[in-house]
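Some notes on the structure that comes next.
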Amino acid sequence: MRLRSVPLGVVVTLSLLAIIVALTASARSFAAPSAVPAWLEAHVGNGDGQISQVVLERARALYLKKVAQGAVRNPCYFAMDATRPGDLGNGVLGRRYYVVCEASQSFRAISSGHGGGRNLKGTVDFSNGRRCAKNFGNAMDSELTAGGAYMTSEAKTSFKGFYRTGAKQDVAFQRTFIQFDGEGEAANARQRVIGGHAAQVLRGMCMRKTPNSSYADHDGFVPFGKLVDYAGGRSNGCTSWSPADAGQLISMVKDNPTTLYIYPESRDIASVASGHSASGTYWNASCLKEIGKPKFWPRKMLEPVIAQYKKDHPAPPAQPLPICKEP
């Protein structure tokens, strides 16, 4: 899936200004809905690959607000609907993360992971399945998705280790992480290390003797593992994308921040859970049928529980990685 490239020239600037001027009223208020242009309205709906009305309205209002404040110059903005299924079965992933570039009239819907949560056995279970998220929250170490307003920030690239390709070549795995800064209930995103990255990780780690490597430690060893793609799985609360999509999205926002709106917020969850949905609140029908009632776990309630669980179940001392057996 390719994202349309957008030249950052005079045409984009003028188009952005036209959007801002035409919708100044909506830009003044994050909560206020705005008139959606006809080309974008065609993508509004509750089907796969479409964006629900309330999600678009809030994401668009947030973007226009930040543009008007001078905080954003990027011609594109992001949104995510975490009430939709992430896994549609048979290897098909749900498209619930949106890239909207109004200046070039470009809309893309791609897959994205949701926070897996945790099951603190014998204490409390706030874990999520692969397909649908039931639990949301903003507590430290909860591994839950928190809805609300975010802005992309700095990009951090770190070396994770080596892995072997099908051609029996050893490749250094470096993953780039885009830090998010949140507002309101999501204001602790930086403390929680919430951001966006490729849904890839090295598993089965061991240390291999490679003294000539620039990544070798003082004993001449480098970490080595198997590269695993978990695009169809859950995250630790971050927004995870397929490797191909991650490369495109990261290039769009590196040194050029934009907004991300994640639905639902706690107010939406409370409304749906009560059975008396407020105007403008919605939930994906198939996921709602599967999860029953969604729940938001506020940090003031959940963080003490997690802290006590850690105290009662201390982690074993960290062990050094074993030496790789294969040559």
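Every chain in the structure tokens takes a letter, A first, then B, and so on in the order presented; its residues are numbered from 1, and the ligands are numbered from 1 following the presented order.
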
Inset, instruction - Would you return as a ChimeraX atom specification the members of region 123-297 of chain A that DSSP assigns to alpha helix (DSSP H) on this structure's backbone? - result: /A:243-253,266-274,285-291

Inset, instruction - Might you pull out every residue within 8 Å of Val99 (chain A), with only C-alpha atoms counted and same-chain residues fewer than 4 positions away left off, and present them as a list in words? - result: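 After dropping sequence-adjacent residues, the list is Cys76, Tyr77, Phe78, Ala79, Ser106, Phe107, Arg108 and Ala109 of chain A.
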
Store the residues picked out above in a file with all heavy atoms, as a short mmCIF file (atom, residue, chain, number, x, y, z; two decimals), in the first residue's frame.
```
data_model
loop_
_atom_site.label_atom_id
_atom_site.label_comp_id
_atom_site.auth_asym_id
_atom_site.auth_seq_id
_atom_site.Cartn_x
_atom_site.Cartn_y
_atom_site.Cartn_z
N CYS A 76 -0.58 16.83 6.23
CA CYS A 76 -1.35 15.62 6.52
C CYS A 76 -1.56 15.48 8.03
O CYS A 76 -0.80 16.02 8.83
CB CYS A 76 -0.61 14.37 6.00
SG CYS A 76 -0.21 14.44 4.24
N TYR A 77 -2.60 14.73 8.40
CA TYR A 77 -2.84 14.43 9.80
C TYR A 77 -3.33 12.99 9.93
O TYR A 77 -3.74 12.36 8.95
CB TYR A 77 -3.85 15.41 10.43
CG TYR A 77 -5.20 15.49 9.78
CD1 TYR A 77 -6.28 14.74 10.25
CD2 TYR A 77 -5.43 16.35 8.69
CE1 TYR A 77 -7.54 14.84 9.66
CE2 TYR A 77 -6.68 16.45 8.11
CZ TYR A 77 -7.73 15.69 8.59
OH TYR A 77 -8.97 15.79 8.00
N PHE A 78 -3.28 12.47 11.17
CA PHE A 78 -3.58 11.07 11.43
C PHE A 78 -4.80 10.93 12.35
O PHE A 78 -5.12 11.82 13.12
CB PHE A 78 -2.40 10.37 12.11
CG PHE A 78 -1.12 10.39 11.31
CD1 PHE A 78 0.10 10.36 11.98
CD2 PHE A 78 -1.12 10.42 9.93
CE1 PHE A 78 1.29 10.36 11.28
CE2 PHE A 78 0.07 10.43 9.21
CZ PHE A 78 1.28 10.40 9.89
N ALA A 79 -5.43 9.77 12.26
CA ALA A 79 -6.51 9.41 13.18
C ALA A 79 -6.51 7.90 13.34
O ALA A 79 -6.03 7.16 12.47
CB ALA A 79 -7.86 9.88 12.65
N SER A 106 -5.94 13.37 -0.47
CA SER A 106 -5.48 11.99 -0.32
C SER A 106 -5.98 11.41 0.99
O SER A 106 -5.87 12.05 2.04
CB SER A 106 -3.95 11.94 -0.38
OG SER A 106 -3.48 10.65 -0.06
N PHE A 107 -6.52 10.19 0.93
CA PHE A 107 -7.01 9.49 2.12
C PHE A 107 -6.52 8.05 2.05
O PHE A 107 -6.66 7.39 1.03
CB PHE A 107 -8.54 9.52 2.16
CG PHE A 107 -9.15 8.73 3.30
CD1 PHE A 107 -9.39 9.34 4.52
CD2 PHE A 107 -9.48 7.39 3.14
CE1 PHE A 107 -9.96 8.62 5.57
CE2 PHE A 107 -10.04 6.66 4.18
CZ PHE A 107 -10.28 7.28 5.40
N ARG A 108 -5.94 7.56 3.16
CA ARG A 108 -5.50 6.18 3.24
C ARG A 108 -5.95 5.58 4.56
O ARG A 108 -5.89 6.24 5.60
CB ARG A 108 -3.98 6.08 3.13
CG ARG A 108 -3.42 6.47 1.76
CD ARG A 108 -3.76 5.43 0.70
NE ARG A 108 -3.15 5.75 -0.58
CZ ARG A 108 -3.71 6.52 -1.51
NH1 ARG A 108 -4.90 7.08 -1.26
NH2 ARG A 108 -3.10 6.75 -2.65
N ALA A 109 -6.37 4.33 4.52
CA ALA A 109 -6.74 3.58 5.73
C ALA A 109 -5.84 2.35 5.79
O ALA A 109 -5.77 1.58 4.84
CB ALA A 109 -8.21 3.17 5.68
#
```

Report as a tab-separated table: every residue of region 236-306 of chain A with an atom at most 9 Å from region 199-220 of chain A, its closest pair of atoms, and their distance in Å to one decimal, counting only C-alpha atoms, with rows sorted by chain and ascending residue number.
```
residue	atom	partner	partner_atom	distance
A:Thr239	CA	A:Ala199	CA	8.7
A:Ser240	CA	A:Ala199	CA	5.1
A:Trp241	CA	A:Ala199	CA	5.4
A:Ser242	CA	A:Ala199	CA	5.6
A:Pro243	CA	A:Ala199	CA	6.5
A:Ala246	CA	A:Ala199	CA	8.3
```

Residue subset to file, keeping N, CA, C and O atoms, as a PDB file, in the first residue's frame:
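Result written to part-v1.pdb:
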```pdb
ATOM      1  N   THR A 239       1.198   2.796  19.139  1.00  0.00           N
ATOM      2  CA  THR A 239       0.567   2.621  17.837  1.00  0.00           C
ATOM      3  C   THR A 239       1.580   1.907  16.949  1.00  0.00           C
ATOM      4  O   THR A 239       2.620   2.464  16.617  1.00  0.00           O
ATOM      5  N   SER A 240       1.293   0.668  16.604  1.00  0.00           N
ATOM      6  CA  SER A 240       2.227  -0.122  15.797  1.00  0.00           C
ATOM      7  C   SER A 240       1.668  -0.322  14.395  1.00  0.00           C
ATOM      8  O   SER A 240       0.478  -0.569  14.211  1.00  0.00           O
ATOM      9  N   TRP A 241       2.553  -0.214  13.404  1.00  0.00           N
ATOM     10  CA  TRP A 241       2.168  -0.333  11.999  1.00  0.00           C
ATOM     11  C   TRP A 241       2.957  -1.441  11.317  1.00  0.00           C
ATOM     12  O   TRP A 241       4.012  -1.860  11.804  1.00  0.00           O
ATOM     13  N   SER A 242       2.494  -1.884  10.159  1.00  0.00           N
ATOM     14  CA  SER A 242       3.260  -2.843   9.379  1.00  0.00           C
ATOM     15  C   SER A 242       4.581  -2.177   8.992  1.00  0.00           C
ATOM     16  O   SER A 242       4.666  -0.945   8.916  1.00  0.00           O
ATOM     17  N   PRO A 243       5.640  -2.952   8.756  1.00  0.00           N
ATOM     18  CA  PRO A 243       6.937  -2.351   8.422  1.00  0.00           C
ATOM     19  C   PRO A 243       6.872  -1.400   7.227  1.00  0.00           C
ATOM     20  O   PRO A 243       7.475  -0.316   7.263  1.00  0.00           O
ATOM     21  N   ALA A 246       5.008   1.727   8.297  1.00  0.00           N
ATOM     22  CA  ALA A 246       5.800   2.477   9.280  1.00  0.00           C
ATOM     23  C   ALA A 246       6.843   3.343   8.590  1.00  0.00           C
ATOM     24  O   ALA A 246       7.032   4.510   8.955  1.00  0.00           O
TER      25      ALA A 246
END
```

Inset, instruction - Would you mind writing down, as number ranges by chain, each residue of region 144-256 of chain A that DSSP on the backbone assigns to strand (DSSP E or B)? - result: A: 148-164, 170-182, 195-198, 200-209, 221-229, 235, 239-241

Leaving out region 150-154 of chain A and any residue of its chain fewer than 2 positions from it, which residues lie within 9 Å of it when counting only C-alpha atoms, given as a PDB file with all heavy atoms, in the first residue's frame?
```
ATOM      1  N   LEU A  62      -8.903  18.924  15.632  1.00  0.00           N
ATOM      2  CA  LEU A  62      -7.622  18.978  16.336  1.00  0.00           C
ATOM      3  C   LEU A  62      -6.527  19.491  15.404  1.00  0.00           C
ATOM      4  O   LEU A  62      -5.732  20.365  15.775  1.00  0.00           O
ATOM      5  CB  LEU A  62      -7.253  17.589  16.866  1.00  0.00           C
ATOM      6  CG  LEU A  62      -5.848  17.440  17.450  1.00  0.00           C
ATOM      7  CD1 LEU A  62      -5.677  18.318  18.691  1.00  0.00           C
ATOM      8  CD2 LEU A  62      -5.556  15.972  17.781  1.00  0.00           C
ATOM      9  N   VAL A  72       1.673  23.188  13.809  1.00  0.00           N
ATOM     10  CA  VAL A  72       1.742  22.184  12.751  1.00  0.00           C
ATOM     11  C   VAL A  72       1.770  22.854  11.393  1.00  0.00           C
ATOM     12  O   VAL A  72       0.975  23.767  11.125  1.00  0.00           O
ATOM     13  CB  VAL A  72       0.537  21.213  12.833  1.00  0.00           C
ATOM     14  CG1 VAL A  72       0.455  20.332  11.603  1.00  0.00           C
ATOM     15  CG2 VAL A  72       0.626  20.355  14.085  1.00  0.00           C
ATOM     16  N   GLY A 147      -7.228   6.953  24.459  1.00  0.00           N
ATOM     17  CA  GLY A 147      -7.726   7.815  23.393  1.00  0.00           C
ATOM     18  C   GLY A 147      -7.506   9.274  23.713  1.00  0.00           C
ATOM     19  O   GLY A 147      -7.231   9.660  24.851  1.00  0.00           O
ATOM     20  N   GLY A 148      -7.625  10.114  22.669  1.00  0.00           N
ATOM     21  CA  GLY A 148      -7.493  11.547  22.861  1.00  0.00           C
ATOM     22  C   GLY A 148      -6.601  12.200  21.830  1.00  0.00           C
ATOM     23  O   GLY A 148      -6.327  11.636  20.770  1.00  0.00           O
ATOM     24  N   LYS A 156      13.350   8.533  17.231  1.00  0.00           N
ATOM     25  CA  LYS A 156      14.502   7.915  17.879  1.00  0.00           C
ATOM     26  C   LYS A 156      14.742   6.557  17.216  1.00  0.00           C
ATOM     27  O   LYS A 156      13.852   5.705  17.220  1.00  0.00           O
ATOM     28  CB  LYS A 156      14.244   7.709  19.373  1.00  0.00           C
ATOM     29  CG  LYS A 156      13.758   8.947  20.113  1.00  0.00           C
ATOM     30  CD  LYS A 156      13.315   8.584  21.523  1.00  0.00           C
ATOM     31  CE  LYS A 156      12.649   9.750  22.222  1.00  0.00           C
ATOM     32  NZ  LYS A 156      12.126   9.384  23.563  1.00  0.00           N
ATOM     33  N   PHE A 177      11.349   4.920  16.404  1.00  0.00           N
ATOM     34  CA  PHE A 177      10.204   5.171  17.280  1.00  0.00           C
ATOM     35  C   PHE A 177       9.861   6.653  17.202  1.00  0.00           C
ATOM     36  O   PHE A 177      10.726   7.504  17.403  1.00  0.00           O
ATOM     37  CB  PHE A 177      10.570   4.770  18.708  1.00  0.00           C
ATOM     38  CG  PHE A 177       9.550   5.147  19.753  1.00  0.00           C
ATOM     39  CD1 PHE A 177       8.458   4.336  20.004  1.00  0.00           C
ATOM     40  CD2 PHE A 177       9.696   6.308  20.509  1.00  0.00           C
ATOM     41  CE1 PHE A 177       7.532   4.673  20.984  1.00  0.00           C
ATOM     42  CE2 PHE A 177       8.782   6.649  21.482  1.00  0.00           C
ATOM     43  CZ  PHE A 177       7.692   5.822  21.718  1.00  0.00           C
ATOM     44  N   ILE A 178       8.604   6.959  16.880  1.00  0.00           N
ATOM     45  CA  ILE A 178       8.124   8.340  16.871  1.00  0.00           C
ATOM     46  C   ILE A 178       7.423   8.609  18.196  1.00  0.00           C
ATOM     47  O   ILE A 178       6.388   8.013  18.510  1.00  0.00           O
ATOM     48  CB  ILE A 178       7.143   8.601  15.713  1.00  0.00           C
ATOM     49  CG1 ILE A 178       7.836   8.409  14.365  1.00  0.00           C
ATOM     50  CG2 ILE A 178       6.550  10.006  15.809  1.00  0.00           C
ATOM     51  CD1 ILE A 178       8.877   9.446  14.031  1.00  0.00           C
ATOM     52  N   GLN A 179       7.999   9.484  19.003  1.00  0.00           N
ATOM     53  CA  GLN A 179       7.395   9.827  20.300  1.00  0.00           C
ATOM     54  C   GLN A 179       6.119  10.630  20.082  1.00  0.00           C
ATOM     55  O   GLN A 179       6.055  11.502  19.223  1.00  0.00           O
ATOM     56  CB  GLN A 179       8.380  10.646  21.129  1.00  0.00           C
ATOM     57  CG  GLN A 179       7.831  11.142  22.453  1.00  0.00           C
ATOM     58  CD  GLN A 179       7.583  10.028  23.439  1.00  0.00           C
ATOM     59  OE1 GLN A 179       8.477   9.262  23.765  1.00  0.00           O
ATOM     60  NE2 GLN A 179       6.346   9.929  23.933  1.00  0.00           N
ATOM     61  N   PHE A 180       5.085  10.318  20.876  1.00  0.00           N
ATOM     62  CA  PHE A 180       3.846  11.094  20.871  1.00  0.00           C
ATOM     63  C   PHE A 180       3.791  11.948  22.138  1.00  0.00           C
ATOM     64  O   PHE A 180       4.197  11.499  23.218  1.00  0.00           O
ATOM     65  CB  PHE A 180       2.613  10.185  20.854  1.00  0.00           C
ATOM     66  CG  PHE A 180       2.429   9.388  19.596  1.00  0.00           C
ATOM     67  CD1 PHE A 180       1.547   8.308  19.585  1.00  0.00           C
ATOM     68  CD2 PHE A 180       3.111   9.694  18.430  1.00  0.00           C
ATOM     69  CE1 PHE A 180       1.350   7.565  18.430  1.00  0.00           C
ATOM     70  CE2 PHE A 180       2.933   8.959  17.265  1.00  0.00           C
ATOM     71  CZ  PHE A 180       2.048   7.881  17.275  1.00  0.00           C
ATOM     72  N   ASP A 181       3.274  13.158  22.001  1.00  0.00           N
ATOM     73  CA  ASP A 181       2.948  14.004  23.142  1.00  0.00           C
ATOM     74  C   ASP A 181       1.438  14.155  23.184  1.00  0.00           C
ATOM     75  O   ASP A 181       0.816  14.572  22.196  1.00  0.00           O
ATOM     76  CB  ASP A 181       3.613  15.379  23.009  1.00  0.00           C
ATOM     77  CG  ASP A 181       5.109  15.318  23.305  1.00  0.00           C
ATOM     78  OD1 ASP A 181       5.492  14.635  24.272  1.00  0.00           O
ATOM     79  OD2 ASP A 181       5.891  15.938  22.562  1.00  0.00           O
ATOM     80  N   GLY A 182       0.837  13.813  24.317  1.00  0.00           N
ATOM     81  CA  GLY A 182      -0.613  13.834  24.424  1.00  0.00           C
ATOM     82  C   GLY A 182      -1.139  14.988  25.244  1.00  0.00           C
ATOM     83  O   GLY A 182      -0.387  15.722  25.889  1.00  0.00           O
ATOM     84  N   GLU A 183      -2.453  15.132  25.220  1.00  0.00           N
ATOM     85  CA  GLU A 183      -3.144  16.170  25.987  1.00  0.00           C
ATOM     86  C   GLU A 183      -4.220  15.527  26.842  1.00  0.00           C
ATOM     87  O   GLU A 183      -4.695  14.424  26.550  1.00  0.00           O
ATOM     88  CB  GLU A 183      -3.778  17.206  25.045  1.00  0.00           C
ATOM     89  CG  GLU A 183      -2.778  17.936  24.163  1.00  0.00           C
ATOM     90  CD  GLU A 183      -3.448  18.929  23.214  1.00  0.00           C
ATOM     91  OE1 GLU A 183      -4.695  19.047  23.264  1.00  0.00           O
ATOM     92  OE2 GLU A 183      -2.730  19.576  22.449  1.00  0.00           O
ATOM     93  N   ALA A 186      -4.369  11.870  27.993  1.00  0.00           N
ATOM     94  CA  ALA A 186      -3.196  11.285  27.336  1.00  0.00           C
ATOM     95  C   ALA A 186      -1.931  12.106  27.584  1.00  0.00           C
ATOM     96  O   ALA A 186      -0.917  11.910  26.918  1.00  0.00           O
ATOM     97  CB  ALA A 186      -3.449  11.163  25.834  1.00  0.00           C
ATOM     98  N   ALA A 187      -1.984  13.021  28.552  1.00  0.00           N
ATOM     99  CA  ALA A 187      -0.865  13.943  28.782  1.00  0.00           C
ATOM    100  C   ALA A 187       0.393  13.241  29.272  1.00  0.00           C
ATOM    101  O   ALA A 187       1.481  13.809  29.188  1.00  0.00           O
ATOM    102  CB  ALA A 187      -1.275  15.023  29.790  1.00  0.00           C
ATOM    103  N   ALA A 189       1.725  10.614  27.929  1.00  0.00           N
ATOM    104  CA  ALA A 189       2.197   9.742  26.852  1.00  0.00           C
ATOM    105  C   ALA A 189       3.718   9.624  26.846  1.00  0.00           C
ATOM    106  O   ALA A 189       4.263   8.533  26.616  1.00  0.00           O
ATOM    107  CB  ALA A 189       1.698  10.249  25.502  1.00  0.00           C
ATOM    108  N   GLY A 195       4.138   5.943  21.545  1.00  0.00           N
ATOM    109  CA  GLY A 195       4.469   6.511  20.239  1.00  0.00           C
ATOM    110  C   GLY A 195       4.104   5.545  19.128  1.00  0.00           C
ATOM    111  O   GLY A 195       3.286   4.648  19.324  1.00  0.00           O
ATOM    112  N   GLY A 196       4.715   5.734  17.976  1.00  0.00           N
ATOM    113  CA  GLY A 196       4.450   4.887  16.827  1.00  0.00           C
ATOM    114  C   GLY A 196       5.718   4.232  16.323  1.00  0.00           C
ATOM    115  O   GLY A 196       6.788   4.852  16.316  1.00  0.00           O
ATOM    116  N   VAL A 253       6.483  12.400   9.057  1.00  0.00           N
ATOM    117  CA  VAL A 253       6.441  13.244  10.260  1.00  0.00           C
ATOM    118  C   VAL A 253       7.813  13.517  10.866  1.00  0.00           C
ATOM    119  O   VAL A 253       7.908  14.300  11.819  1.00  0.00           O
ATOM    120  CB  VAL A 253       5.519  12.623  11.333  1.00  0.00           C
ATOM    121  CG1 VAL A 253       4.101  12.480  10.805  1.00  0.00           C
ATOM    122  CG2 VAL A 253       6.051  11.266  11.804  1.00  0.00           C
ATOM    123  N   LYS A 254       8.851  12.896  10.346  1.00  0.00           N
ATOM    124  CA  LYS A 254      10.185  13.152  10.879  1.00  0.00           C
ATOM    125  C   LYS A 254      10.566  14.608  10.622  1.00  0.00           C
ATOM    126  O   LYS A 254      10.573  15.073   9.491  1.00  0.00           O
ATOM    127  CB  LYS A 254      11.204  12.216  10.232  1.00  0.00           C
ATOM    128  CG  LYS A 254      12.556  12.233  10.914  1.00  0.00           C
ATOM    129  CD  LYS A 254      13.482  11.186  10.317  1.00  0.00           C
ATOM    130  CE  LYS A 254      14.814  11.161  11.048  1.00  0.00           C
ATOM    131  NZ  LYS A 254      15.724  10.136  10.470  1.00  0.00           N
ATOM    132  N   ASP A 255      10.833  15.333  11.680  1.00  0.00           N
ATOM    133  CA  ASP A 255      11.153  16.763  11.614  1.00  0.00           C
ATOM    134  C   ASP A 255      10.011  17.604  11.052  1.00  0.00           C
ATOM    135  O   ASP A 255      10.208  18.742  10.629  1.00  0.00           O
ATOM    136  CB  ASP A 255      12.420  17.008  10.775  1.00  0.00           C
ATOM    137  CG  ASP A 255      13.625  16.251  11.311  1.00  0.00           C
ATOM    138  OD1 ASP A 255      13.793  16.236  12.548  1.00  0.00           O
ATOM    139  OD2 ASP A 255      14.383  15.670  10.510  1.00  0.00           O
ATOM    140  N   ASN A 256       8.803  17.056  11.035  1.00  0.00           N
ATOM    141  CA  ASN A 256       7.639  17.788  10.523  1.00  0.00           C
ATOM    142  C   ASN A 256       6.397  17.273  11.247  1.00  0.00           C
ATOM    143  O   ASN A 256       5.617  16.503  10.683  1.00  0.00           O
ATOM    144  CB  ASN A 256       7.504  17.594   9.006  1.00  0.00           C
ATOM    145  CG  ASN A 256       6.509  18.567   8.388  1.00  0.00           C
ATOM    146  OD1 ASN A 256       6.105  19.551   9.003  1.00  0.00           O
ATOM    147  ND2 ASN A 256       6.103  18.286   7.159  1.00  0.00           N
ATOM    148  N   PRO A 257       6.192  17.680  12.506  1.00  0.00           N
ATOM    149  CA  PRO A 257       5.137  17.095  13.341  1.00  0.00           C
ATOM    150  C   PRO A 257       3.734  17.328  12.805  1.00  0.00           C
ATOM    151  O   PRO A 257       3.476  18.279  12.074  1.00  0.00           O
ATOM    152  CB  PRO A 257       5.330  17.790  14.692  1.00  0.00           C
ATOM    153  CG  PRO A 257       6.028  19.072  14.367  1.00  0.00           C
ATOM    154  CD  PRO A 257       6.930  18.740  13.210  1.00  0.00           C
ATOM    155  N   THR A 258       2.841  16.418  13.208  1.00  0.00           N
ATOM    156  CA  THR A 258       1.429  16.573  12.882  1.00  0.00           C
ATOM    157  C   THR A 258       0.603  16.034  14.035  1.00  0.00           C
ATOM    158  O   THR A 258       1.133  15.627  15.072  1.00  0.00           O
ATOM    159  CB  THR A 258       1.074  15.884  11.564  1.00  0.00           C
ATOM    160  OG1 THR A 258      -0.240  16.326  11.155  1.00  0.00           O
ATOM    161  CG2 THR A 258       1.067  14.371  11.682  1.00  0.00           C
ATOM    162  N   THR A 259      -0.699  16.023  13.859  1.00  0.00           N
ATOM    163  CA  THR A 259      -1.604  15.588  14.914  1.00  0.00           C
ATOM    164  C   THR A 259      -2.073  14.159  14.697  1.00  0.00           C
ATOM    165  O   THR A 259      -2.132  13.657  13.576  1.00  0.00           O
ATOM    166  CB  THR A 259      -2.837  16.498  14.987  1.00  0.00           C
ATOM    167  OG1 THR A 259      -3.495  16.511  13.704  1.00  0.00           O
ATOM    168  CG2 THR A 259      -2.447  17.918  15.351  1.00  0.00           C
ATOM    169  N   LEU A 260      -2.416  13.525  15.796  1.00  0.00           N
ATOM    170  CA  LEU A 260      -3.042  12.200  15.788  1.00  0.00           C
ATOM    171  C   LEU A 260      -4.186  12.229  16.785  1.00  0.00           C
ATOM    172  O   LEU A 260      -3.990  12.588  17.948  1.00  0.00           O
ATOM    173  CB  LEU A 260      -2.032  11.117  16.181  1.00  0.00           C
ATOM    174  CG  LEU A 260      -2.632   9.765  16.608  1.00  0.00           C
ATOM    175  CD1 LEU A 260      -3.381   9.108  15.454  1.00  0.00           C
ATOM    176  CD2 LEU A 260      -1.548   8.834  17.159  1.00  0.00           C
ATOM    177  N   TYR A 261      -5.367  11.854  16.327  1.00  0.00           N
ATOM    178  CA  TYR A 261      -6.495  11.725  17.250  1.00  0.00           C
ATOM    179  C   TYR A 261      -6.870  10.251  17.344  1.00  0.00           C
ATOM    180  O   TYR A 261      -7.105   9.595  16.324  1.00  0.00           O
ATOM    181  CB  TYR A 261      -7.715  12.533  16.806  1.00  0.00           C
ATOM    182  CG  TYR A 261      -8.874  12.327  17.750  1.00  0.00           C
ATOM    183  CD1 TYR A 261      -8.876  12.938  18.996  1.00  0.00           C
ATOM    184  CD2 TYR A 261      -9.918  11.468  17.425  1.00  0.00           C
ATOM    185  CE1 TYR A 261      -9.895  12.707  19.910  1.00  0.00           C
ATOM    186  CE2 TYR A 261     -10.951  11.233  18.326  1.00  0.00           C
ATOM    187  CZ  TYR A 261     -10.936  11.848  19.570  1.00  0.00           C
ATOM    188  OH  TYR A 261     -11.935  11.602  20.470  1.00  0.00           O
ATOM    189  N   ILE A 262      -6.895   9.731  18.564  1.00  0.00           N
ATOM    190  CA  ILE A 262      -7.272   8.338  18.793  1.00  0.00           C
ATOM    191  C   ILE A 262      -8.637   8.294  19.466  1.00  0.00           C
ATOM    192  O   ILE A 262      -8.861   8.927  20.501  1.00  0.00           O
ATOM    193  CB  ILE A 262      -6.225   7.612  19.658  1.00  0.00           C
ATOM    194  CG1 ILE A 262      -4.869   7.571  18.945  1.00  0.00           C
ATOM    195  CG2 ILE A 262      -6.691   6.188  19.972  1.00  0.00           C
ATOM    196  CD1 ILE A 262      -3.777   6.878  19.736  1.00  0.00           C
TER     197      ILE A 262
END
```
